[in-house]
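File shown: my_file07.txt (compact mmCIF, C-alpha atoms).
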# COMPACT_ATOMS: atom_id res chain seq x y z
CA VAL A 1 19.03 10.75 17.35
CA GLU A 2 21.21 11.13 14.25
CA THR A 3 18.29 10.09 12.04
CA GLN A 4 16.13 12.78 13.65
CA LYS A 5 18.85 15.40 13.13
CA ASP A 6 19.24 14.38 9.48
CA ALA A 7 15.46 14.62 8.96
CA PHE A 8 15.40 18.03 10.68
CA ILE A 9 18.19 19.30 8.43
CA ALA A 10 16.35 18.05 5.34
CA GLN A 11 13.17 19.83 6.48
CA ILE A 12 15.09 23.06 7.09
CA GLU A 13 16.68 22.88 3.65
CA HIS A 14 13.29 22.24 2.05
CA ALA A 15 11.69 25.17 3.89
CA LEU A 16 14.56 27.43 2.83
CA LYS A 17 14.14 26.44 -0.83
CA LEU A 18 10.44 27.30 -0.61
CA ASN A 19 11.03 30.43 1.50
CA LEU A 20 8.77 29.08 4.24
CA PRO A 21 9.09 29.77 7.96
CA PHE A 22 10.16 27.05 10.36
CA VAL A 23 7.69 25.82 12.94
CA ILE A 24 9.72 23.88 15.48
CA HIS A 25 8.47 21.52 18.16
CA GLY A 26 11.77 20.52 19.73
CA ARG A 27 10.78 19.49 23.19
CA ALA A 28 13.83 18.54 25.30
CA ALA A 29 15.99 19.23 22.25
CA GLU A 30 16.09 23.02 22.21
CA MET A 31 19.88 23.34 22.10
CA ASP A 32 20.21 20.67 19.40
CA ALA A 33 17.59 22.46 17.31
CA PHE A 34 19.31 25.81 17.88
CA GLU A 35 22.74 24.51 16.88
CA ILE A 36 21.35 22.99 13.68
CA MET A 37 19.39 26.14 12.81
CA LYS A 38 22.46 28.31 13.46
CA ALA A 39 24.46 26.15 11.05
CA LYS A 40 21.81 25.93 8.33
CA ALA A 41 19.54 28.97 8.42
CA PRO A 42 20.14 32.65 7.77
CA LYS A 43 19.88 34.80 10.88
CA ASP A 44 16.83 36.66 9.54
CA HIS A 45 14.76 33.56 8.81
CA ARG A 46 11.24 33.44 10.31
CA ILE A 47 10.98 30.85 13.08
CA HIS A 48 8.18 29.86 15.44
CA PHE A 49 9.36 27.64 18.28
CA HIS A 50 6.06 25.99 19.22
CA CYS A 51 5.36 24.82 22.78
CA TYR A 52 8.69 26.10 24.06
CA SER A 53 9.65 24.36 27.30
CA GLY A 54 13.36 25.04 27.58
CA SER A 55 15.36 27.37 29.78
CA TRP A 56 15.54 31.16 29.63
CA ASN A 57 19.26 30.90 28.93
CA THR A 58 18.62 28.90 25.75
CA ALA A 59 15.67 31.09 24.76
CA ARG A 60 17.77 34.24 25.17
CA LYS A 61 20.54 32.83 22.95
CA MET A 62 18.05 31.86 20.25
CA LEU A 63 16.22 35.20 20.35
CA GLU A 64 19.50 37.11 20.16
CA HIS A 65 20.73 35.07 17.21
CA PHE A 66 17.45 34.97 15.25
CA PRO A 67 15.69 38.37 15.30
CA ASN A 68 12.63 36.86 13.56
CA MET A 69 12.15 34.04 16.06
CA TYR A 70 9.03 33.82 18.19
CA LEU A 71 8.54 31.55 21.18
CA GLY A 72 5.21 29.88 21.84
CA VAL A 73 4.16 29.19 25.42
CA THR A 74 1.23 26.89 26.19
CA GLY A 75 -0.82 26.08 29.29
CA LEU A 76 2.32 24.35 30.54
CA VAL A 77 3.21 27.75 32.04
CA THR A 78 0.53 27.12 34.69
CA PHE A 79 2.03 23.84 35.92
CA SER A 80 3.78 24.04 39.29
CA THR A 81 6.71 22.05 37.86
CA ALA A 82 7.24 24.44 34.92
CA SER A 83 9.43 27.08 36.55
CA ASP A 84 11.65 27.33 33.44
CA VAL A 85 8.65 28.08 31.23
CA ARG A 86 7.34 30.70 33.65
CA GLU A 87 10.74 32.39 33.64
CA VAL A 88 10.71 32.45 29.83
CA ALA A 89 7.17 33.89 29.81
CA ARG A 90 8.27 36.65 32.22
CA LYS A 91 11.46 37.57 30.36
CA VAL A 92 10.80 37.14 26.64
CA PRO A 93 9.90 40.44 24.94
CA LEU A 94 6.14 40.58 24.40
CA ASP A 95 6.58 41.21 20.68
CA ARG A 96 8.39 37.84 20.42
CA LEU A 97 5.97 35.80 22.58
CA LEU A 98 3.13 33.68 21.21
CA VAL A 99 0.45 32.41 23.57
CA GLU A 100 -0.71 28.99 22.39
CA THR A 101 -3.52 26.80 23.63
CA ASP A 102 -2.31 23.46 22.23
CA ALA A 103 -5.62 22.17 23.55
CA PRO A 104 -6.60 19.66 24.69
CA TYR A 105 -3.08 18.33 25.28
CA MET A 106 -1.57 21.24 27.22
CA LYS A 107 -4.60 22.57 29.05
CA PRO A 108 -3.89 24.92 31.98
CA SER A 109 -3.42 23.43 35.41
CA ASN A 110 -5.83 24.18 38.23
CA ALA A 111 -2.87 24.36 40.62
CA LEU A 112 -2.22 28.08 40.22
Reformat the file's structure so that it appears as structure tokens.
Amino acid sequence: VETQKDAFIAQIEHALKLNLPFVIHGRAAEMDAFEIMKAKAPKDHRIHFHCYSGSWNTARKMLEHFPNMYLGVTGLVTFSTASDVREVARKVPLDRLLVETDAPYMKPSNAL
């Protein structure tokens, strides 16, 4: 885990030097990613959290801290087990929500 955190920090620092946005895929590591970004990135940096699958509580904290953060939601939102993602999709402001296909890996479920 520490090696991954160190690599993430190095990528953030590189993106900042080049003035590039972050595109984060931090599945099951949303709070770790948020804590590192809070420590390393300016609040106004552009961030796309791809394939977000965390809780609304974490999403809310990230959106409040980073006004230029956008959350991507995939077909996972259609899975019966994805209640957290559905809550995020309902509550995130529409101007901060990205609808992603991530096909063919996160295709919508037929369950809904």
**Message:** So, with only C-alpha atoms as the atoms that count, which of A:Ser55, A:Lys61, A:Pro104, A:Phe66 lies closest to Val85 of chain A?
**Reply:** A:Ser55
**Message:** Give me the residues near Pro93 of chain A as a PyMOL selection string, where near means some atom within 10 Å (using only C-alpha atoms) and where sequence neighbours in that chain fewer than 5 positions away do not count.
**Reply:** chain A and resi 63+70-71+88
**Exercise: Val23 of chain A partners within 12 Å, only C-alpha atoms, chain neighbours under 6 positions left out, as a list in words** =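 Everything that qualifies: Phe8, Gln11, Ile12, Ala15, Ala33, Met37, His45, Arg46, Ile47, His48, Phe49, His50, Cys51, Tyr52, Met69, Tyr70, Leu71 and Gly72 of chain A.
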Produce a table with one row for each residue of segment 68-92 of chain A that has an atom at most 7 Å from any atom of segment 99-102 of chain A, each row naming the nearest atom pair and its distance in Å at one decimal; use all atoms listed in the file; arrange rows by chain and rising residue number; format as JSON lines.
{"residue": "A:Gly72", "atom": "CA", "partner": "A:Val99", "partner_atom": "CA", "distance": 5.7}
{"residue": "A:Val73", "atom": "CA", "partner": "A:Val99", "partner_atom": "CA", "distance": 5.2}
{"residue": "A:Thr74", "atom": "CA", "partner": "A:Glu100", "partner_atom": "CA", "distance": 4.8}
{"residue": "A:Gly75", "atom": "CA", "partner": "A:Thr101", "partner_atom": "CA", "distance": 6.3}
**Å distance separating atom CA of Thr58 of chain A from atom CA of Glu30 of chain A, one decimal place** =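 About the pair atom CA of Thr58 of chain A and atom CA of Glu30 of chain A: they are 7.3 Å apart.
Between atom CA of Ser53 of chain A and atom CA of Arg27 of chain A there is a distance of 6.5 Å.
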**Request:** Calculate how many Å separate atom CA of Asp84 of chain A from atom CA of Lys5 of chain A, rounding to one decimal.
**Result:**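 Taking atom CA of Asp84 of chain A as the start and atom CA of Lys5 of chain A as the end point, the length is 24.6 Å.
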